[in-house]
file upload_23.pdb (PDB, C-alpha atoms, pLDDT in the B column)
ATOM      1  CA  MET A  92       0.000   0.000   0.000  1.00 75.00           C
ATOM      2  CA  ILE A  93       2.706   2.477   0.958  1.00 80.00           C
ATOM      3  CA  TRP A  94       4.705   1.604  -2.179  1.00 76.00           C
ATOM      4  CA  LEU A  95       1.728   2.455  -4.364  1.00 78.00           C
ATOM      5  CA  TRP A  96       1.301   5.755  -2.542  1.00 72.00           C
ATOM      6  CA  LEU A  97       5.018   6.567  -2.943  1.00 71.00           C
ATOM      7  CA  ARG A  98       4.865   5.713  -6.658  1.00 75.00           C
ATOM      8  CA  GLN A  99       1.867   8.004  -7.135  1.00 78.00           C
ATOM      9  CA  LEU A 100       3.670  10.759  -5.239  1.00 74.00           C
ATOM     10  CA  GLU A 101       6.710  10.319  -7.471  1.00 76.00           C
ATOM     11  CA  VAL A 102       4.574  10.558 -10.612  1.00 71.00           C
ATOM     12  CA  ARG A 103       2.891  13.722  -9.345  1.00 75.00           C
ATOM     13  CA  LEU A 104       6.219  15.317  -8.436  1.00 75.00           C
ATOM     14  CA  ARG A 105       7.642  14.497 -11.861  1.00 76.00           C
ATOM     15  CA  ALA A 106       4.575  16.112 -13.407  1.00 77.00           C
ATOM     16  CA  LEU A 107       5.645  19.387 -11.754  1.00 86.00           C
ATOM     17  CA  VAL A 108       9.043  19.314 -13.480  1.00 91.00           C
ATOM     18  CA  PRO A 109       8.017  21.415 -16.537  1.00 93.00           C
ATOM     19  CA  PHE A 110       6.718  24.213 -14.315  1.00 94.00           C
ATOM     20  CA  ALA A 111       9.795  23.999 -12.065  1.00 94.00           C
ATOM     21  CA  VAL A 112      12.065  24.257 -15.114  1.00 95.00           C
ATOM     22  CA  ALA A 113      10.081  27.278 -16.314  1.00 96.00           C
ATOM     23  CA  ALA A 114      10.503  28.910 -12.883  1.00 95.00           C
ATOM     24  CA  VAL A 115      14.263  28.338 -13.072  1.00 94.00           C
ATOM     25  CA  ALA A 116      14.267  29.881 -16.564  1.00 95.00           C
ATOM     26  CA  VAL A 117      12.563  32.969 -15.146  1.00 94.00           C
ATOM     27  CA  LEU A 118      15.343  33.321 -12.578  1.00 90.00           C
ATOM     28  CA  VAL A 119      17.992  32.854 -15.267  1.00 89.00           C
ATOM     29  CA  ASP A 120      16.315  35.531 -17.386  1.00 89.00           C
ATOM     30  CA  VAL A 121      16.365  38.177 -14.697  1.00 85.00           C
ATOM     31  CA  LEU A 122      19.970  37.597 -13.676  1.00 80.00           C
ATOM     32  CA  PRO A 123      22.326  39.922 -15.536  1.00 68.00           C
ATOM     33  CA  LEU A 124      24.854  38.068 -17.649  1.00 55.00           C
ATOM     34  CA  LEU A 125      28.466  39.115 -17.447  1.00 47.00           C
ATOM     35  CA  GLY A 126      30.236  40.293 -20.564  1.00 45.00           C
ATOM     36  CA  LEU A 127      27.185  41.492 -22.451  1.00 50.00           C
ATOM     37  CA  GLY A 128      27.841  45.156 -21.984  1.00 44.00           C
ATOM     38  CA  SER A 129      26.067  47.689 -19.872  1.00 44.00           C
ATOM     39  CA  TRP A 130      22.625  46.627 -21.107  1.00 50.00           C
ATOM     40  CA  GLY A 131      22.666  43.425 -19.075  1.00 56.00           C
ATOM     41  CA  LEU A 132      21.176  41.584 -22.024  1.00 70.00           C
ATOM     42  CA  SER A 133      20.067  38.020 -21.784  1.00 78.00           C
ATOM     43  CA  PRO A 134      18.066  35.686 -23.958  1.00 86.00           C
ATOM     44  CA  PHE A 135      14.400  35.145 -23.159  1.00 93.00           C
ATOM     45  CA  SER A 136      15.025  31.580 -22.028  1.00 94.00           C
ATOM     46  CA  THR A 137      11.564  31.414 -20.488  1.00 96.00           C
ATOM     47  CA  LEU A 138      10.149  31.616 -24.001  1.00 97.00           C
ATOM     48  CA  CYS A 139      12.346  28.675 -25.059  1.00 97.00           C
ATOM     49  CA  VAL A 140      11.056  26.620 -22.139  1.00 97.00           C
ATOM     50  CA  VAL A 141       7.390  27.502 -22.677  1.00 97.00           C
ATOM     51  CA  TYR A 142       7.675  26.741 -26.407  1.00 97.00           C
ATOM     52  CA  PHE A 143       9.307  23.367 -25.735  1.00 97.00           C
ATOM     53  CA  TRP A 144       6.902  22.198 -23.008  1.00 96.00           C
ATOM     54  CA  SER A 145       3.865  23.461 -24.903  1.00 96.00           C
ATOM     55  CA  LEU A 146       4.966  21.430 -27.879  1.00 95.00           C
ATOM     56  CA  TYR A 147       6.107  18.192 -26.258  1.00 94.00           C
ATOM     57  CA  ARG A 148       4.219  18.008 -22.939  1.00 93.00           C
ATOM     58  CA  PRO A 149       1.135  20.226 -23.045  1.00 93.00           C
ATOM     59  CA  ASP A 150      -0.491  17.750 -20.653  1.00 91.00           C
ATOM     60  CA  LEU A 151       1.988  18.809 -17.962  1.00 90.00           C
ATOM     61  CA  PHE A 152       2.411  22.446 -18.986  1.00 94.00           C
ATOM     62  CA  GLY A 153      -1.116  23.772 -19.282  1.00 93.00           C
ATOM     63  CA  ALA A 154      -2.448  27.280 -19.553  1.00 96.00           C
ATOM     64  CA  PRO A 155      -2.308  27.781 -15.755  1.00 95.00           C
ATOM     65  CA  ALA A 156       1.396  26.891 -15.785  1.00 95.00           C
ATOM     66  CA  ALA A 157       2.094  29.305 -18.665  1.00 96.00           C
ATOM     67  CA  PHE A 158       0.103  32.046 -16.948  1.00 97.00           C
ATOM     68  CA  SER A 159       1.794  31.474 -13.583  1.00 96.00           C
ATOM     69  CA  THR A 160       5.216  31.484 -15.211  1.00 96.00           C
ATOM     70  CA  GLY A 161       4.410  34.821 -16.836  1.00 96.00           C
ATOM     71  CA  ILE A 162       3.115  36.359 -13.619  1.00 96.00           C
ATOM     72  CA  VAL A 163       6.242  35.263 -11.753  1.00 95.00           C
ATOM     73  CA  TYR A 164       8.394  36.684 -14.565  1.00 94.00           C
ATOM     74  CA  ASP A 165       6.562  40.021 -14.456  1.00 93.00           C
ATOM     75  CA  ALA A 166       6.794  40.244 -10.672  1.00 93.00           C
ATOM     76  CA  VAL A 167      10.499  39.409 -10.547  1.00 91.00           C
ATOM     77  CA  ALA A 168      11.419  41.590 -13.551  1.00 88.00           C
ATOM     78  CA  ASP A 169       9.316  44.526 -12.296  1.00 87.00           C
ATOM     79  CA  LEU A 170       7.128  44.533 -15.415  1.00 89.00           C
ATOM     80  CA  PRO A 171       3.403  45.256 -15.528  1.00 90.00           C
ATOM     81  CA  LEU A 172       1.682  42.173 -14.095  1.00 92.00           C
ATOM     82  CA  GLY A 173       0.085  40.170 -16.857  1.00 93.00           C
ATOM     83  CA  LEU A 174       2.283  41.353 -19.724  1.00 93.00           C
ATOM     84  CA  THR A 175       4.467  38.261 -19.945  1.00 94.00           C
ATOM     85  CA  ALA A 176       1.621  36.041 -18.756  1.00 95.00           C
ATOM     86  CA  LEU A 177      -0.489  37.131 -21.741  1.00 94.00           C
ATOM     87  CA  THR A 178       2.438  36.653 -24.101  1.00 94.00           C
ATOM     88  CA  LEU A 179       3.220  33.160 -22.818  1.00 96.00           C
ATOM     89  CA  LEU A 180      -0.444  32.138 -22.933  1.00 96.00           C
ATOM     90  CA  LEU A 181      -0.636  33.234 -26.570  1.00 96.00           C
ATOM     91  CA  VAL A 182       2.585  31.371 -27.407  1.00 96.00           C
ATOM     92  CA  ARG A 183       1.293  28.234 -25.727  1.00 97.00           C
ATOM     93  CA  GLN A 184      -2.016  28.435 -27.567  1.00 96.00           C
ATOM     94  CA  LEU A 185      -0.322  28.971 -30.922  1.00 95.00           C
ATOM     95  CA  VAL A 186       1.944  25.975 -30.361  1.00 95.00           C
ATOM     96  CA  ILE A 187      -0.953  23.790 -29.191  1.00 95.00           C
ATOM     97  CA  VAL A 188      -3.009  24.650 -32.284  1.00 94.00           C
ATOM     98  CA  GLN A 189      -0.089  23.731 -34.552  1.00 92.00           C
ATOM     99  CA  GLN A 190       1.196  20.788 -32.485  1.00 91.00           C
ATOM    100  CA  ARG A 191       0.403  18.136 -35.116  1.00 90.00           C
ATOM    101  CA  PHE A 192       2.373  20.131 -37.691  1.00 90.00           C
ATOM    102  CA  PHE A 193       5.334  20.545 -35.358  1.00 89.00           C
ATOM    103  CA  LEU A 194       5.501  16.951 -34.167  1.00 87.00           C
ATOM    104  CA  ALA A 195       5.619  15.663 -37.751  1.00 88.00           C
ATOM    105  CA  ARG A 196       8.652  17.826 -38.539  1.00 90.00           C
ATOM    106  CA  SER A 197      12.362  17.646 -37.888  1.00 93.00           C
ATOM    107  CA  PHE A 198      14.197  19.834 -35.393  1.00 94.00           C
ATOM    108  CA  PRO A 199      15.365  22.387 -38.014  1.00 95.00           C
ATOM    109  CA  VAL A 200      11.744  23.051 -38.989  1.00 94.00           C
ATOM    110  CA  VAL A 201      10.694  23.390 -35.340  1.00 95.00           C
ATOM    111  CA  TRP A 202      13.602  25.791 -34.790  1.00 96.00           C
ATOM    112  CA  CYS A 203      12.687  27.821 -37.893  1.00 95.00           C
ATOM    113  CA  CYS A 204       9.137  28.145 -36.579  1.00 94.00           C
ATOM    114  CA  PHE A 205      10.594  29.337 -33.274  1.00 97.00           C
ATOM    115  CA  LEU A 206      12.710  31.775 -35.295  1.00 96.00           C
ATOM    116  CA  LEU A 207       9.493  33.220 -36.757  1.00 95.00           C
ATOM    117  CA  LEU A 208       7.757  33.353 -33.387  1.00 96.00           C
ATOM    118  CA  VAL A 209      10.468  35.136 -31.387  1.00 96.00           C
ATOM    119  CA  PRO A 210      10.389  38.467 -33.284  1.00 96.00           C
ATOM    120  CA  ALA A 211       6.609  38.657 -32.914  1.00 95.00           C
ATOM    121  CA  VAL A 212       6.869  37.978 -29.183  1.00 95.00           C
ATOM    122  CA  GLU A 213       9.736  40.392 -28.565  1.00 93.00           C
ATOM    123  CA  ILE A 214       8.202  43.225 -30.613  1.00 94.00           C
ATOM    124  CA  ALA A 215       4.825  42.723 -28.926  1.00 92.00           C
ATOM    125  CA  ARG A 216       6.447  42.847 -25.485  1.00 91.00           C
ATOM    126  CA  TRP A 217       8.426  45.954 -26.481  1.00 93.00           C
ATOM    127  CA  ALA A 218       5.282  47.665 -27.789  1.00 93.00           C
ATOM    128  CA  LEU A 219       3.228  46.826 -24.709  1.00 91.00           C
ATOM    129  CA  ILE A 220       5.974  47.957 -22.339  1.00 90.00           C
ATOM    130  CA  SER A 221       6.415  51.180 -24.320  1.00 92.00           C
ATOM    131  CA  LEU A 222       2.672  51.821 -24.180  1.00 93.00           C
ATOM    132  CA  TRP A 223       2.546  51.066 -20.476  1.00 91.00           C
ATOM    133  CA  TRP A 224       5.308  53.523 -19.593  1.00 90.00           C
ATOM    134  CA  GLY A 225       4.315  56.075 -22.207  1.00 92.00           C
ATOM    135  CA  HIS A 226       7.501  56.257 -24.288  1.00 91.00           C
ATOM    136  CA  ALA A 227       9.256  54.134 -26.860  1.00 91.00           C
ATOM    137  CA  PHE A 228      12.247  52.265 -25.523  1.00 90.00           C
ATOM    138  CA  ALA A 229      15.308  51.580 -27.659  1.00 90.00           C
ATOM    139  CA  LEU A 230      14.910  48.660 -30.056  1.00 90.00           C
ATOM    140  CA  GLN A 231      18.567  47.606 -30.096  1.00 90.00           C
ATOM    141  CA  PRO A 232      18.404  45.678 -26.781  1.00 87.00           C
ATOM    142  CA  VAL A 233      15.223  43.962 -27.989  1.00 90.00           C
ATOM    143  CA  LEU A 234      16.920  42.901 -31.209  1.00 92.00           C
ATOM    144  CA  MET A 235      19.968  41.607 -29.332  1.00 91.00           C
ATOM    145  CA  SER A 236      17.739  39.654 -26.941  1.00 90.00           C
ATOM    146  CA  LEU A 237      15.878  38.266 -29.937  1.00 93.00           C
ATOM    147  CA  LEU A 238      19.107  37.002 -31.507  1.00 94.00           C
ATOM    148  CA  LEU A 239      20.310  35.509 -28.221  1.00 92.00           C
ATOM    149  CA  THR A 240      16.967  33.764 -27.708  1.00 95.00           C
ATOM    150  CA  VAL A 241      17.001  32.209 -31.180  1.00 96.00           C
ATOM    151  CA  ALA A 242      20.598  31.090 -30.687  1.00 95.00           C
ATOM    152  CA  LEU A 243      19.787  29.590 -27.279  1.00 95.00           C
ATOM    153  CA  TYR A 244      16.903  27.396 -28.441  1.00 97.00           C
ATOM    154  CA  PRO A 245      18.952  24.452 -29.810  1.00 97.00           C
ATOM    155  CA  LEU A 246      20.871  24.128 -26.536  1.00 96.00           C
ATOM    156  CA  ALA A 247      17.724  24.618 -24.459  1.00 96.00           C
ATOM    157  CA  SER A 248      15.916  22.026 -26.552  1.00 96.00           C
ATOM    158  CA  LEU A 249      18.743  19.535 -26.102  1.00 96.00           C
ATOM    159  CA  LEU A 250      18.735  19.989 -22.329  1.00 95.00           C
ATOM    160  CA  LEU A 251      14.959  19.960 -22.074  1.00 96.00           C
ATOM    161  CA  THR A 252      14.769  16.785 -24.151  1.00 94.00           C
ATOM    162  CA  ARG A 253      16.890  15.042 -21.534  1.00 93.00           C
ATOM    163  CA  VAL A 254      14.605  16.288 -18.792  1.00 92.00           C
ATOM    164  CA  HIS A 255      11.568  15.287 -20.864  1.00 91.00           C
ATOM    165  CA  ASP A 256      12.877  11.744 -21.223  1.00 89.00           C
ATOM    166  CA  ALA A 257      13.019  11.417 -17.428  1.00 83.00           C
ATOM    167  CA  ILE A 258       9.331  12.293 -17.039  1.00 81.00           C
ATOM    168  CA  PRO A 259       7.052   9.281 -17.531  1.00 73.00           C
ATOM    169  CA  HIS A 260       3.829   9.691 -19.449  1.00 69.00           C
ATOM    170  CA  LEU A 261       1.038   9.721 -16.930  1.00 57.00           C
ATOM    171  CA  SER A 262      -0.930   6.988 -18.712  1.00 52.00           C
ATOM    172  CA  HIS A 263       2.027   4.580 -18.246  1.00 45.00           C
ATOM    173  CA  ALA A 264       2.946   5.598 -14.732  1.00 41.00           C
ATOM    174  CA  SER A 265      -0.019   4.432 -12.687  1.00 40.00           C
TER
END

call {"tool": "encode", "arguments": {"input": "upload_23.pdb", "output": "structure tokens"}}
result
Amino acid sequence: MIWLWLRQLEVRLRALVPFAVAAVAVLVDVLPLLGLGSWGLSPFSTLCVVYFWSLYRPDLFGAPAAFSTGIVYDAVADLPLGLTALTLLLVRQLVIVQQRFFLARSFPVVWCCFLLLVPAVEIARWALISLWWGHAFALQPVLMSLLLTVALYPLASLLLTRVHDAIPHLSHAS
């Protein structure tokens, strides 16, 4: 009896891994990276994580997880609450709608689709932040973050695939 309970607990804890990884990505995003100049630029690794989990494990990374990740990001980064949450929810929904297309494609195609998504996300965030604070911020940091995010995705995907492989599918884990 206790072994069954422990196994169920293990399965439930493993189901929290995608959200935990997203929370770690938020912390990585808000830490300034050394050597990137005075801007303190960093890639939007949270977007990489949300894109990956929305594509490969939407059962474990639902809309509440995407929303919560965004709210945490906004709170920690001192952004208007809901800005990143809305962005991540839209990204998740877009990926979910196109999941069959993505899953039938190779990694380069999935990466190219990410490459198309990142500019839309970064420009939308820039526009919303500029509207919120009432003036247009410089675009150069946004463009640099965009390039860093696109360049990060292959490495993030490789690492997340290893984490993904350690998470059993819930239908097999009972």

call {"tool": "residues_around", "arguments": {"input": "upload_23.pdb", "residues": "Ala176 (chain A)", "least_positions_apart": "4", "cutoff": "12 Å", "atoms": "all atoms listed in the file", "output": "PyMOL selection string"}}
result
chain A and resi 117+137-138+141+154-166+170-172+180-183+212+216

call {"tool": "closest_atom_pairs", "arguments": {"input": "upload_23.pdb", "of": "region 103-164 of chain A", "to": "region 246-260 of chain A", "cutoff": "12 Å", "atoms": "all atoms listed in the file", "output": "CSV"}}
result
residue,atom,partner,partner_atom,distance
A:Arg103,CA,A:Ile258,CA,10.1
A:Leu104,CA,A:Ile258,CA,9.6
A:Arg105,CA,A:Ile258,CA,5.9
A:Ala106,CA,A:Ile258,CA,7.1
A:Leu107,CA,A:Ile258,CA,9.6
A:Val108,CA,A:Ile258,CA,7.9
A:Pro109,CA,A:His255,CA,8.3
A:Ala111,CA,A:Val254,CA,11.3
A:Val112,CA,A:Leu251,CA,8.7
A:Ala113,CA,A:Leu251,CA,10.5
A:Ala116,CA,A:Ala247,CA,10.1
A:Pro134,CA,A:Ala247,CA,11.1
A:Phe135,CA,A:Ala247,CA,11.1
A:Ser136,CA,A:Ala247,CA,7.9
A:Thr137,CA,A:Ala247,CA,10.0
A:Leu138,CA,A:Ala247,CA,10.3
A:Cys139,CA,A:Ala247,CA,6.8
A:Val140,CA,A:Ala247,CA,7.3
A:Val141,CA,A:Leu251,CA,10.7
A:Tyr142,CA,A:Ser248,CA,9.5
A:Phe143,CA,A:Ser248,CA,6.8
A:Trp144,CA,A:Leu251,CA,8.4
A:Ser145,CA,A:His255,CA,11.9
A:Leu146,CA,A:Ser248,CA,11.0
A:Tyr147,CA,A:His255,CA,8.2
A:Arg148,CA,A:His255,CA,8.1
A:Pro149,CA,A:His260,CA,11.5
A:Asp150,CA,A:His260,CA,9.2
A:Leu151,CA,A:His260,CA,9.4
A:Phe152,CA,A:His255,CA,11.8

call {"tool": "atom_distance", "arguments": {"input": "upload_23.pdb", "atom1": "CA of Ile187 (chain A)", "atom2": "CA of Val201 (chain A)"}}
result
13.2 Å

call {"tool": "resolve_selection", "arguments": {"input": "upload_23.pdb", "expression": "the PyMOL selection byres ((chain A and resi 236-241) around 8)", "output": "CSV table (one decimal) with C-alpha atoms, in the frame of the given file"}}
result
chain,number,residue,atom,x,y,z
A,132,LEU,CA,21.2,41.6,-22.0
A,133,SER,CA,20.1,38.0,-21.8
A,134,PRO,CA,18.1,35.7,-24.0
A,135,PHE,CA,14.4,35.1,-23.2
A,136,SER,CA,15.0,31.6,-22.0
A,139,CYS,CA,12.3,28.7,-25.1
A,205,PHE,CA,10.6,29.3,-33.3
A,206,LEU,CA,12.7,31.8,-35.3
A,209,VAL,CA,10.5,35.1,-31.4
A,210,PRO,CA,10.4,38.5,-33.3
A,213,GLU,CA,9.7,40.4,-28.6
A,232,PRO,CA,18.4,45.7,-26.8
A,233,VAL,CA,15.2,44.0,-28.0
A,234,LEU,CA,16.9,42.9,-31.2
A,235,MET,CA,20.0,41.6,-29.3
A,242,ALA,CA,20.6,31.1,-30.7
A,243,LEU,CA,19.8,29.6,-27.3
A,244,TYR,CA,16.9,27.4,-28.4

call {"tool": "atom_distance", "arguments": {"input": "upload_23.pdb", "atom1": "CA of Val167 (chain A)", "atom2": "CA of Val119 (chain A)"}}
result
11.0 Å

call {"tool": "atom_distance", "arguments": {"input": "upload_23.pdb", "atom1": "CA of Val188 (chain A)", "atom2": "CA of Ile220 (chain A)"}}
result
26.9 Å

call {"tool": "axis_aligned_box", "arguments": {"input": "upload_23.pdb", "around": "region 204-220 of chain A", "padding_each_side": "6 Å", "output": "JSON"}}
result
{"center_x": 8.0, "center_y": 38.1, "center_z": -29.5, "size_x": 21.5, "size_y": 31.8, "size_z": 26.4}

call {"tool": "closest_residue", "arguments": {"input": "upload_23.pdb", "among": "A:Val186, A:Ala229, A:Ile93, A:Pro245", "to": "Pro199 (chain A)", "atoms": "only C-alpha atoms"}}
result
A:Pro245
